[in-house]
Structures are given as structure tokens and as C-alpha cells.
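Heads up, the thing below is written out as C-alpha cells.
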Amino acid sequence: MASSPLDRKRRLLEALPDQPEFVSTLDLVWRQAQSSFPGARLGEWLEACHGLAESDVGRDCVVSYVRSAPAIASAAGADAALSIARMVSETAARAGDRAAASLAMVASRAARRLANGAAFAEWLRVIQIVVAAAPESVTPLLDRSESLLQELGVQGFEAWVLNGVRQGATDPQKRLAFFTRRDQQTLRTASHEEDEVSLSDVERQLKAFIMALWHMAPPIRALSNGAPDRPRRASFANGIVRLPSSFRGHSRDEASLLYSAAIAHVAAHLQFSRMKFAIGSLKPLQMALISLIEDARIEHLAMRQFPGLGRLWRPFHIAMPSGALTAPALMARLARALIDPGHADDNGWIQKGQEMFFAEEARWEDPGISRSIGGLLGNDLGQMRVQFNARTYSVEPAYRDDNQGLWVFDDAGAPADEQETILEAVRFEREDDAEQPDRERETPEDDADGQEANRAALVEVDSEVGIPVARYPEWDFLIGRERPQWATLVEYEASEGQADAVEDILHRYPVLEQRITKLVRSAKVSRPQRLRRQQEGDRLDLDACIGAAIDQRLGDTPDPRIYARLERRFRDLSVLLLLDVSQSTNDVVPGAGRKVIELEREATALLAHAMAGLGDPFAIHAFCSDTRADVRYYRLKAFDAPYGPAAKRHLAGISGRFSTRMGAALRHAGRELSARMSYRRLLLIISDGEPSDVDVADRRYLVEDARQAVKSMARLGVDVFCVGLDAGGDNYLTRIFGRRNVLQIDRVERLPEKLSMLYFRLLGS
Amino acid sequence: MDLRHYVIAHEPYYRAAADEVDLFQAAYADRMPMMLKGPTGSGKTRFVEHLAWKLGKPLITVACHEDMTASDLVGRFLLDAQGTLWHDGPLTLAVRYGAICYLDEIVEARQDTTVVIHPLTDDRRILPLEKKGEVIHAHPDFQLVISYNPGYQSVLKDLKESTKQRFGAIQFDYPPSAIEAEIVAHEAGVDRNLAQQLVGIAERSRNLKGHGLEEGASTRMLIQAGRLVSRGASLQAACRTAIVLPITDDEDIRAALTAAISACL
Ligand SMILES: Nc1ncnc2c1ncn2[C@@H]1O[C@H](COP(=O)(O)OP(=O)(O)OP(=O)(O)O)[C@@H](O)[C@H]1O
Ligand SMILES: [Mg+2]
């Protein structure tokens, strides 16, 4: 039929002489239609209008569609406008003419507001679900669509609407009440940020949940809600799980359930989707279906083990066996038919899928069945010529992940990090969607993370600028005198690394962490201590009394200390942890295959965790030196700073350079510590080697100076304790600190474990 | 003095998971001091009771605590009208008259208590009562058994090497799931299916050890949950009462555990 659109239009108008309103409307929008339906689409659109006009839907519906379609096409694309023609008759059939008439009109406004094909497709999908599952509520929903979109965005809209459909599952009255109530709680919870559950609220719980189920602890990262118009799905790749940072529009309970369902689903993938599928020559639709079967497969395997998971997942499947025959709609229905064998759907394709899948029940362990069944169903669906747009497709229901983790993408050679971003960027088609790359979790403080890390990387080692803050004397043992103002102490900004790296340390030592927590707890409650054999007290010490009575009878002088009393002892302690970060800390510890400095970092992280838990004020400083003119000093955490992300980034950022001029650093730390108003002040230094510097030839010189520095600490009321990591360090360390104040750790790999325990021991003394 | 009260008349139910009964009997034949290691509620106490019964010996159990001193174990002089009177402590009773003495959680007690057991647990087998100026040679039936939970103590409260090395040890872990279910079914009077479900639930909580929980749910907890069910509670409520609430105060972990439990049902 190679007739021009104009001919088509003329014939159409002639065919409908009894519909003057139709004719005039078409004339009215004709110019706009010509520009918004490109090429052959204009003809298709006229066909669609014709079809509608000759069908039994109400005149108002047809006219409303004709009037709105060109606007929809120019805002959201011709395809969207065409698909609405089908939806209009569907809606008229299920929800009545009034709903169908407002559909096109409201759609044109939504298309303009959303101004983005994907977002509009999302909106349409939601409406489609309501048409199929809650036809009585279509009109009230459409009436409110504008204001809802304005308030919630399309994602919140989706969440809110699906929530309503779910809540009123089988009860039209309940659903209607949900969609018509104005002053309702539901909308408030949907729109108010403070009521929102964010990933950080539930993350610990989710981690514990899958740890309990399958003893797994994949790292979890937040997906920012980057593109506001696209529903967010969980994702996993390379063992990292990404979850939306929030599920907008859900009430607290709903969102928590959604998170639980999502993490359980992804965990089931990690547990049962043991291999990745190769893409080969598969089409996007086939890939989507293979993924869908795989989802069902792993969920069933998971439910064999934990039947209760079905109760968690199934309520999210609300697709009804009716509605437009678009691929996403059919797939949502198939997903439901697969998770719930009792769910009947009259669609032949879905029945076929359901039968094939359950026929293979004995082989569910084999991921190959996902590939074969999904491939077949994908072919069938392809032949049914239903619409499928990989760019706008998103997996249903919302708890399921995007299934990117199931596929091997071709960029194999890329390093892991890059791979990850590649995977992130890839959807079923390599789309160049405006989606932002996912960022790490965002807290206000962390926000600067990216930039900060970049900056640190750009800064050259020597361009670090420090501020000289003090000159300290040095002890020259040869002349037996101090050289005044000899070493210049320069404070530098500590560089930054990833705070996550420090967080992860705690996970690496679960047993130790747990032990520390326990010790912290028992050290914290300042238990009353019973002091026995006291000169005075509030009660008699029975043993002492008896002893005294016996002595008396034997004619001996009894011991007068026969009382006991209870006393609470509070700890009042400030701790400064001073880390040696000289060049030698880059050495790899033979037994451990790790650098000394990494072990220092781990030990410090664990200890800091303990100290933060105890509430003891503490600081973490680090030092190295490059001649007496440049004793470098870094404040990783100051006394009055919290042990938070900033401190952790500093700790993550330490690196080993230069030499070890210990005396000056000790004096500087001691001076600061002595200013603390605590009953006890403890300077805990971790060092891996003998004091040395490039401008000093005599090895004894700096040792003797450090010894003097330690002596001066005692006068300041500061206790110094050294943890030595040099197996042969006994001599000089005991020389510097005194035998009782040194702990030699000969197996450096045990430092993380030893340090915290040492601390608790020091507390006890 | 006779220890009739300390003799166990009826067989305490004990389901062996491996060869621990034989091992203990061999150890007893040699009067080797024994150390029972393992988490709380894993059947240590029940095991000693069972063996004491099997061996036909009296059993004296002492639950050690922080304030416990050597005198509490060994005995002390008491004042009475005539003067002073020596009173044997539980350990001394066992040593003198021949019983198995079970010191539960010995590390909880003060350091000086562990010293008194040293001469008892080497070849000398003697108990010097310093205050009384007496040295008791242990009765041939006497055996010392202690329980010890390495995970629970702080470094500050560990057993000394010289103490540890005097003992033989039996490790008590949660038994394999089928056996544990059998135990739960027997002790709680519930059917095997339910017991098996409870064991599945316990495994969830045990996965959380070191990840929010200090210890997973013990066999004892399962039995208690089971008993609630057999008295008419719903399984969910029973788990909450007997497992989730007692085991942690951490809201997140409770929520996770609750979710994991409901996944099992
Ligand atoms: N192997 C077993 N056979 C029979 N009953 C068992 C067994 N293991 C555990 N139980 C049951 O578990 C309960 C708790 O065990 P028991 O009191 O012996 O623990 P425990 O290891 O001594 O704990 P704790 O260290 O807290 O004292 C017992 O009362 C018994 O019902
Ligand atoms: Mg999936």
C-alpha cells in the first residue's frame, strides 16, 4: 500500500463520514502529526486511528487519542504514541470509556513532564499494570497522575502505585480506597524523605540476613538514585552487590521487605548461579528471557532450602493474566507463573514456559536449562512480534536484580575495576543512556571522596608542603649535653585513602573483632571491685575475721585489716598512638607476605575500634624524618576529632617513606599528651626499626637521644610504651624504653592481634 | 562421710556424637584429669552426669564464678562455740571420699584457685590444705574434670599453660544435624520433623557467630524452643522467645535472625 499519508488521511476521513468530531480533530493536529511521526510512522498512526475509530470504543476515547497522540509522539517518540492506541482499547474494555478517554490526555501530559523516553515507558508500564490488575482504580489514578508525578517522580510513582495494587491484592474496594483517599498516610510516607528507608539503615541487617542464610558476606555498595526517572534495580558483578540507596515511595516496612527480598534474590544468585552465560549471538530479548528463567531457577533452589523465602518473594509478583501483549508485560506474567506453579495464566506462551520449566524440576540444579528454556521462549516471543525495547526494559518485580552479573561481557582483558564500570555501563544493549556512573555510598562527608582521592593521587611526593611547628633539642651522648633547637618538626597534611579499606579490616578479623567488642564491654562497665583485708570498710571480711579469731586463740597478734569494701574504679586515660611510617615499613614481612605498614594499619584499625568503643580519648599520629631539618609528623586522628570517615581515610592513606628520627617525634607527641587533663596519659609507639636518619652516621646517637626523650616523658607525667617489630630490636629498644616498657613482636604478622590485647593488658595494670 | 547424695541414680540421657564416651572411660581408667571444651549448652554437663552414672561414681559439680576463691573450693575454718572448726569444700570432699569433681568454667575463678588443682592433677594426686596443715592423698576414685571455653575468656583470664597441659581434652561441638535433631526431639518431646526444623534454624544463627552474634543458638536453646512448641506455642513465637530475644539485644541482628528463621519455615 504505497499510498502517501495524505491519501491515507483522505481515505480515512471519507471512511468516517459519521464522525465529524473525529474529522475536525484530525485536521486540527495534522500539522503537528506530520512533524512528530516521521516517515512511515505517520501512516501507521493513521492506521491506528482508523482502527480505533472503527472499533467499539467510545467516540470520546478516539477523539482524545487523536488529539493527544502527536504531542506524545513528539515528547516520547512515535512508538510510545502508537502503543497507546492499543492501550486505549484495552483500557476501554477493562476499565471503561471514561478511563480510556482520560488515558491519552493524561499520557500526553506525563510524556511532556517526564521528557525522557525511558521514564515515560516506565509510567506506561505502571498504568498497564493497573489496567490489568486493578481496572476499577484506573480513573482515580489517572486523575492524580500529574500531581503524583510532580511529588514523587516516576520511581516514587511506580512504588506507590504498585504498593496500592499489592495491598489490595484481591479486594477491589480496598484498592479503590487506596487510590482515592486524599489525606492519606501512604502518600506522605511515599514522598517524605525522612520517612524513607535508606540502604544505610538496613545494610547491617541485610548482611546478617544472608550471612545467616548462606554464610556469605559479599561487599554491598549503594547505587545512587542517579537517573531519577529509571527504576533502580539491584545489581551484582564480580562478587560485589549493589543495591539502590533507597526505594523511593515505599513505606518503611515495604522498603525493608523489598530490600530483604532483593538481597535474598542476589544472594541466591551468588549461591546457585555458579557460572556466567556467554552472550554469543543471543539477542537482547533472548538474554532477558534466559535471565528470567535463571531467576526462577535459583529462587526455586533457594526455596527448596528455605521455603519461607517464597513468602518473601511471591507478594511482589502482581502481574495479572491480562493486559497488553508487550514483552515486558508478558515477561512479568511469566515470572509470576514460574515462581508460583499454582498461578494460572491463559496465555499460551506463558503456559508453555510454565510447563517446560516445571517439567525440568529434576534438573533445576543445572543452569543449562535456563539457557535452553529461555532461548526457546525468547525465539517464540520474537516471532510473536511483540514490542521489546532493551533500552527501557527493566526486570520485574522490583526486588530482582538487573542480571548483569549473569553474563560474560567481551571486555575480558580489562582490569577488575574497569570491568566493573564497564559492566555497570552495559545494559542489554550498549546504551549510551544518560545514566550516571554509580558512585560509592554517599554520606556528606564521603561525598568528597572521589575528588580527594584524585587529588592525593595527583600530588607528587615532594610537592607535599608541611608547616614547621617546633624545634626540639637533641641529646648528644658524646658531649653529654643537649644540642638546643636541633631538630625541626614539620607537620604535614595526612594523605587520604579509601575509608572502606579500613572498614574492611574489621571484617578480616571477625574473631578478633568480636573478642575486642567483648573486652570493651567488660572493661567499660566499671565493675565494682571487692577490696579485701582493708583497714576500714563497710563490711567485715569473713576470711580475715576468722583468721583474726584464730590468731587470737593462738595468742598471736591479730591482723587488724578485717574489713572489705566495694569500690568502683573509673578509667581516666588519654592515649596517643604514634606510628613509625619510615621507608623500612614497606618491607614485606616474610611469613605474612604483607608489608609492615599494612600490618601497622590493621593493628591500628583494630585498636582504634577498641578505643573508640571504650570511649577513651585517643589520637593517632605518625612520623618519619628526612634529616633534622624535616622531621615529618602527620595527624591521622586528633584527640578531639571523632574516629570517623576522615580519620579512617587518613589511616588508609599512610605510606612508608624516609627515616626514623624517633626522639623529636616522641617529644612532640609527649608535649601534646602532657597537655591532656587525664589521670593517666599513655604514649604507645609502634616502630619497626632502630632510630636512624640520613644525616647521622653514629647509630648510637639517635638511640641515646630517644632514650633521653623517653626520660623526659616521665617528668611530663606521660607513660611510654613501645611495640617493637624488629626481631633483633631487643637491645636498642630496651635501651630506649626500659625493659618493662617494650613488647617485642617477633612474628610481625601477629601485630594486629597483639596490639589490642596489649592495650587491654595495659588497662588492667 | 558418704557421698550418697552425689550418686546419680537414673541414667541421664546422653546421645554420643562420636567416641567421646569411650575416650572418657579410658581417661577415667587412668584417672587422667579431663577438660571439656565447647560452647555453652553443647552437652558438657550432661556428658559428665552420664559418665558419672555409667562409672557408678558420685559427681560433685562446682559452678565457678569471679568471686570464687581457693577457700570456696578447698574449705575453711569456721568459728563455733568450741573454737574453730574445719569445713571441707566441695573439691576436698571429692578428693577425700572419691568422687568425680566437675569444675564448670574454671577460668572464671580467681587465679589462686587454679593453683590448688596443680598438685592434684599431676602424679602426686595430693591436695595440701595449708591452713589446716593437712595433706590429703586423693581417693582412688577421685577424678578432676573441668570445662573450659577458650572463646569466652579475655586474654587476661586465660588458663595458664602449666594448667592446660595437665589435662586431656574432649571437644564438644554442636553434633551433626541429624543427631542434634534426635537430641532435641528426645529432650523437648517434639517430633523429628520439627526438631530438624529447629536445627536448621540453629544453623542460621550459628552462621552469625562472629558476625553479630557471639555464639549461635545452642542445643539447649533449641530444646527450650521445642518445649514451648510442645506446650502449644507457635514455632515462630517459640523461636522468638527461646532464641531471638535471649541471644542478642542488637536490633539489626534480631531482625536479620527473624527473617532468616521465617525463611526456614
Ligand atoms: N549429646 C547430648 N545428648 C543429650 N542431651 C544433650 C546433648 N547435648 C546437649 N544436650 C541437651 O542440651 C542441654 C544443655 O546441655 P548442657 O547443660 O550439658 O550444656 P553445657 O555444655 O554444660 O553448657 P554450659 O557450658 O552452659 O554449662 C542438656 O540439658 C541436654 O538436654
Ligand atoms: Mg536475578
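Letters for chains follow the order of the C-alpha cells (A, B, ...), residue numbers begin at 1 for each chain, and ligand numbers begin at 1 in the order shown.
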**Request:** Select the residues contacting ligand 2 at a distance of at most 8 Å, based on only C-alpha atoms and all ligand atoms, then format the selection as an MDAnalysis selection string.
**Result:** chainID A and resid 265:266 269 291:292 294:295 400:403
Can you write out as JSON lines which residues of chain A fall within 10 Å of chain B, alongside each residue's closest atom pair and its distance in Å to one decimal, counting only C-alpha atoms and ordering rows by chain and ascending residue number?
```
{"residue": "A:Asp201", "atom": "CA", "partner": "B:Asp252", "partner_atom": "CA", "distance": 9.3}
{"residue": "A:Val202", "atom": "CA", "partner": "B:Asp252", "partner_atom": "CA", "distance": 7.6}
{"residue": "A:Glu203", "atom": "CA", "partner": "B:Asp252", "partner_atom": "CA", "distance": 8.9}
{"residue": "A:Arg204", "atom": "CA", "partner": "B:Asp252", "partner_atom": "CA", "distance": 6.4}
{"residue": "A:Gln205", "atom": "CA", "partner": "B:Asp252", "partner_atom": "CA", "distance": 4.7}
{"residue": "A:Leu206", "atom": "CA", "partner": "B:Ala256", "partner_atom": "CA", "distance": 6.6}
{"residue": "A:Lys207", "atom": "CA", "partner": "B:Ala256", "partner_atom": "CA", "distance": 8.1}
{"residue": "A:Ala208", "atom": "CA", "partner": "B:Ala256", "partner_atom": "CA", "distance": 5.6}
{"residue": "A:Phe209", "atom": "CA", "partner": "B:Ala256", "partner_atom": "CA", "distance": 4.5}
{"residue": "A:Ile210", "atom": "CA", "partner": "B:Ala260", "partner_atom": "CA", "distance": 7.9}
{"residue": "A:Met211", "atom": "CA", "partner": "B:Asn207", "partner_atom": "CA", "distance": 6.2}
{"residue": "A:Ala212", "atom": "CA", "partner": "B:Arg204", "partner_atom": "CA", "distance": 4.4}
{"residue": "A:Leu213", "atom": "CA", "partner": "B:Arg204", "partner_atom": "CA", "distance": 5.7}
{"residue": "A:Trp214", "atom": "CA", "partner": "B:Asn207", "partner_atom": "CA", "distance": 7.7}
{"residue": "A:His215", "atom": "CA", "partner": "B:Asn207", "partner_atom": "CA", "distance": 5.5}
{"residue": "A:Met216", "atom": "CA", "partner": "B:Asn207", "partner_atom": "CA", "distance": 8.9}
{"residue": "A:Ala217", "atom": "CA", "partner": "B:His211", "partner_atom": "CA", "distance": 9.4}
{"residue": "A:Leu257", "atom": "CA", "partner": "B:Ala259", "partner_atom": "CA", "distance": 9.7}
{"residue": "A:Ser260", "atom": "CA", "partner": "B:Ala259", "partner_atom": "CA", "distance": 8.2}
{"residue": "A:Ala264", "atom": "CA", "partner": "B:Ala263", "partner_atom": "CA", "distance": 9.8}
{"residue": "A:Ala302", "atom": "CA", "partner": "B:Ala263", "partner_atom": "CA", "distance": 9.7}
{"residue": "A:Met303", "atom": "CA", "partner": "B:Ala263", "partner_atom": "CA", "distance": 8.3}
{"residue": "A:Arg304", "atom": "CA", "partner": "B:Cys264", "partner_atom": "CA", "distance": 9.7}
{"residue": "A:Gln305", "atom": "CA", "partner": "B:Cys264", "partner_atom": "CA", "distance": 7.5}
{"residue": "A:Phe306", "atom": "CA", "partner": "B:Cys264", "partner_atom": "CA", "distance": 4.6}
{"residue": "A:Pro307", "atom": "CA", "partner": "B:Cys264", "partner_atom": "CA", "distance": 5.9}
{"residue": "A:Gly308", "atom": "CA", "partner": "B:Ala263", "partner_atom": "CA", "distance": 3.7}
{"residue": "A:Leu309", "atom": "CA", "partner": "B:Ala263", "partner_atom": "CA", "distance": 4.8}
{"residue": "A:Gly310", "atom": "CA", "partner": "B:Ala263", "partner_atom": "CA", "distance": 8.0}
{"residue": "A:Arg311", "atom": "CA", "partner": "B:Ala263", "partner_atom": "CA", "distance": 8.0}
{"residue": "A:Leu312", "atom": "CA", "partner": "B:Ala263", "partner_atom": "CA", "distance": 8.0}
{"residue": "A:His507", "atom": "CA", "partner": "B:His211", "partner_atom": "CA", "distance": 8.5}
{"residue": "A:Tyr509", "atom": "CA", "partner": "B:Gly210", "partner_atom": "CA", "distance": 9.2}
{"residue": "A:Pro510", "atom": "CA", "partner": "B:Gly210", "partner_atom": "CA", "distance": 5.5}
{"residue": "A:Val511", "atom": "CA", "partner": "B:Gly210", "partner_atom": "CA", "distance": 5.7}
{"residue": "A:Leu512", "atom": "CA", "partner": "B:Gly210", "partner_atom": "CA", "distance": 8.7}
{"residue": "A:Glu513", "atom": "CA", "partner": "B:Gly210", "partner_atom": "CA", "distance": 8.0}
{"residue": "A:Gln514", "atom": "CA", "partner": "B:Gly210", "partner_atom": "CA", "distance": 5.9}
{"residue": "A:Arg515", "atom": "CA", "partner": "B:Ser154", "partner_atom": "CA", "distance": 7.4}
{"residue": "A:Ile516", "atom": "CA", "partner": "B:Ser154", "partner_atom": "CA", "distance": 8.8}
{"residue": "A:Thr517", "atom": "CA", "partner": "B:Glu214", "partner_atom": "CA", "distance": 9.6}
{"residue": "A:Lys518", "atom": "CA", "partner": "B:Ser154", "partner_atom": "CA", "distance": 8.1}
{"residue": "A:Leu519", "atom": "CA", "partner": "B:Ser154", "partner_atom": "CA", "distance": 6.5}
{"residue": "A:Ser522", "atom": "CA", "partner": "B:Ser154", "partner_atom": "CA", "distance": 9.4}
{"residue": "A:Gln529", "atom": "CA", "partner": "B:Asp67", "partner_atom": "CA", "distance": 9.8}
{"residue": "A:Arg530", "atom": "CA", "partner": "B:Asp67", "partner_atom": "CA", "distance": 8.7}
{"residue": "A:Leu542", "atom": "CA", "partner": "B:Leu78", "partner_atom": "CA", "distance": 9.5}
{"residue": "A:Asp543", "atom": "CA", "partner": "B:Arg76", "partner_atom": "CA", "distance": 8.3}
{"residue": "A:Cys545", "atom": "CA", "partner": "B:Leu79", "partner_atom": "CA", "distance": 9.6}
{"residue": "A:Ile546", "atom": "CA", "partner": "B:Leu79", "partner_atom": "CA", "distance": 6.8}
{"residue": "A:Gly547", "atom": "CA", "partner": "B:Phe77", "partner_atom": "CA", "distance": 8.4}
{"residue": "A:Ala549", "atom": "CA", "partner": "B:Leu79", "partner_atom": "CA", "distance": 8.0}
{"residue": "A:Ile550", "atom": "CA", "partner": "B:Thr84", "partner_atom": "CA", "distance": 7.3}
{"residue": "A:Arg553", "atom": "CA", "partner": "B:Gly83", "partner_atom": "CA", "distance": 8.2}
{"residue": "A:Met757", "atom": "CA", "partner": "B:Val155", "partner_atom": "CA", "distance": 7.0}
{"residue": "A:Leu758", "atom": "CA", "partner": "B:Val155", "partner_atom": "CA", "distance": 9.3}
{"residue": "A:Phe760", "atom": "CA", "partner": "B:Leu156", "partner_atom": "CA", "distance": 8.1}
{"residue": "A:Arg761", "atom": "CA", "partner": "B:Leu156", "partner_atom": "CA", "distance": 6.8}
{"residue": "A:Gly764", "atom": "CA", "partner": "B:Leu156", "partner_atom": "CA", "distance": 8.3}
```
Using only C-alpha atoms and all ligand atoms, which residues have at least one atom no more than 9 Å from ligand 1? Output them as a compact mmCIF listing (two decimals) with C-alpha atoms, in the first residue's frame.
```
# COMPACT_ATOMS: atom_id res chain seq x y z
CA PRO B 12 20.88 -39.32 82.24
CA TYR B 13 20.09 -39.33 78.55
CA TYR B 14 23.17 -38.65 76.52
CA ARG B 15 23.47 -39.11 72.78
CA ALA B 16 27.09 -39.55 71.76
CA ALA B 17 28.20 -37.82 68.59
CA LEU B 36 35.66 -30.44 78.32
CA LYS B 37 35.85 -27.72 75.72
CA GLY B 38 32.98 -26.30 73.77
CA PRO B 39 30.32 -23.63 73.58
CA THR B 40 27.59 -23.22 76.13
CA GLY B 41 24.70 -25.63 76.03
CA SER B 42 26.54 -28.20 73.96
CA GLY B 43 26.05 -31.04 76.39
CA LYS B 44 29.16 -30.91 78.58
CA THR B 45 27.31 -31.06 81.85
CA ARG B 46 25.00 -33.74 80.61
CA PHE B 47 28.00 -35.72 79.44
CA VAL B 48 29.72 -35.73 82.83
CA GLU B 49 26.50 -36.70 84.52
CA ALA B 63 29.99 -23.67 89.06
CA ASP B 104 32.42 -25.67 85.46
CA GLU B 105 34.10 -22.64 83.83
CA SER B 147 35.07 -27.17 81.47
CA TYR B 148 36.80 -24.51 79.52
CA ASN B 149 35.60 -22.18 76.81
CA PHE B 172 32.15 -30.55 72.26
CA TYR B 174 27.18 -28.96 68.04
CA PRO B 175 26.54 -32.51 66.91
CA ILE B 179 21.99 -36.32 65.77
CA GLU B 180 21.19 -32.91 67.12
CA GLU B 182 17.43 -36.60 67.65
CA ILE B 183 18.57 -34.97 70.88
CA VAL B 184 16.12 -32.11 70.52
CA HIS B 186 14.07 -36.57 72.77
CA GLU B 187 14.61 -33.75 75.23
CA ALA B 188 11.79 -31.48 74.11
CA SER B 218 22.87 -23.83 71.47
CA THR B 219 21.28 -27.22 71.61
CA ARG B 220 19.87 -26.10 74.92
CA MET B 221 18.10 -23.19 73.26
CA LEU B 222 16.59 -25.48 70.66
CA ILE B 223 15.29 -27.77 73.32
CA GLN B 224 13.70 -24.84 75.08
```
**Request:** Determine, counting only C-alpha atoms, which protein, DNA and RNA residues have an atom within 9 Å of an atom of Val88 in chain A; residues of the same chain fewer than 5 positions away are not included. Present the result as a list in words.
**Result:** Leu52, Val57, Cys61, Val62, Tyr65, Ser83, Ala93, Asp97, Ala99, Ala100, Ala101, Leu103 and Ala104 of chain A
**strand (DSSP E or B) residues, from DSSP on the backbone, in range 473-712 of chain A, as a ChimeraX atom specification** = /A:473-476,481-492,528-534,539-540,563-568,573-580,588-589,594-595,618-625,631-637,659-660,680-687,692
**Request:** Pick out the residues sitting within 8 Å of Gly189 in chain B, and hand them over as an NGL selection string; count only C-alpha atoms, and ignore anything fewer than 6 positions along from it in its own chain.
**Result:** :B and (226-227 or 230)
**Asked** Skipping near chain neighbours, those fewer than 5 positions away, what residues fall within 12 Å of Cys624 in chain A using only C-alpha atoms, listed as number ranges by chain?
**Response** A: 489-492, 578-585, 629-634, 654-666, 687-689, 691-694
**Request:** Give the alpha helix (DSSP H) residues of range 249-393 of chain A, as DSSP finds them on the backbone, and put them as number ranges by chain.
**Result:** A: 252-272, 284-305, 309-313, 327-339, 348-359, 368-383
**Message:** Given only C-alpha atoms as the basis, pick out the residue of B:Ala237, B:Leu85, B:Gly168, B:Ala242 nearest to Ala26 in chain B.
**Reply:**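 Once distances to Ala26 in chain B are computed over only C-alpha atoms, the minimum belongs to B:Gly168.
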**Message:** Env of range 32-34 of chain B: 10 Å cut, atoms = only C-alpha atoms, seq-sep filter 3 positions within chain, self excluded. Answer as a ChimeraX atom specification.
**Reply:** /B:24-29,37,100-102,120-123,142-147,164,166-170
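The two atoms in question, CA of Ala222 in chain A and CA of Leu243 in chain A, are spaced 5.2 Å apart.
Proximity to Glu215 in chain B was assessed for B:Pro128, B:Gly232, B:Pro246, B:Gly98 counting only C-alpha atoms; the smallest distance is recorded for B:Pro246.
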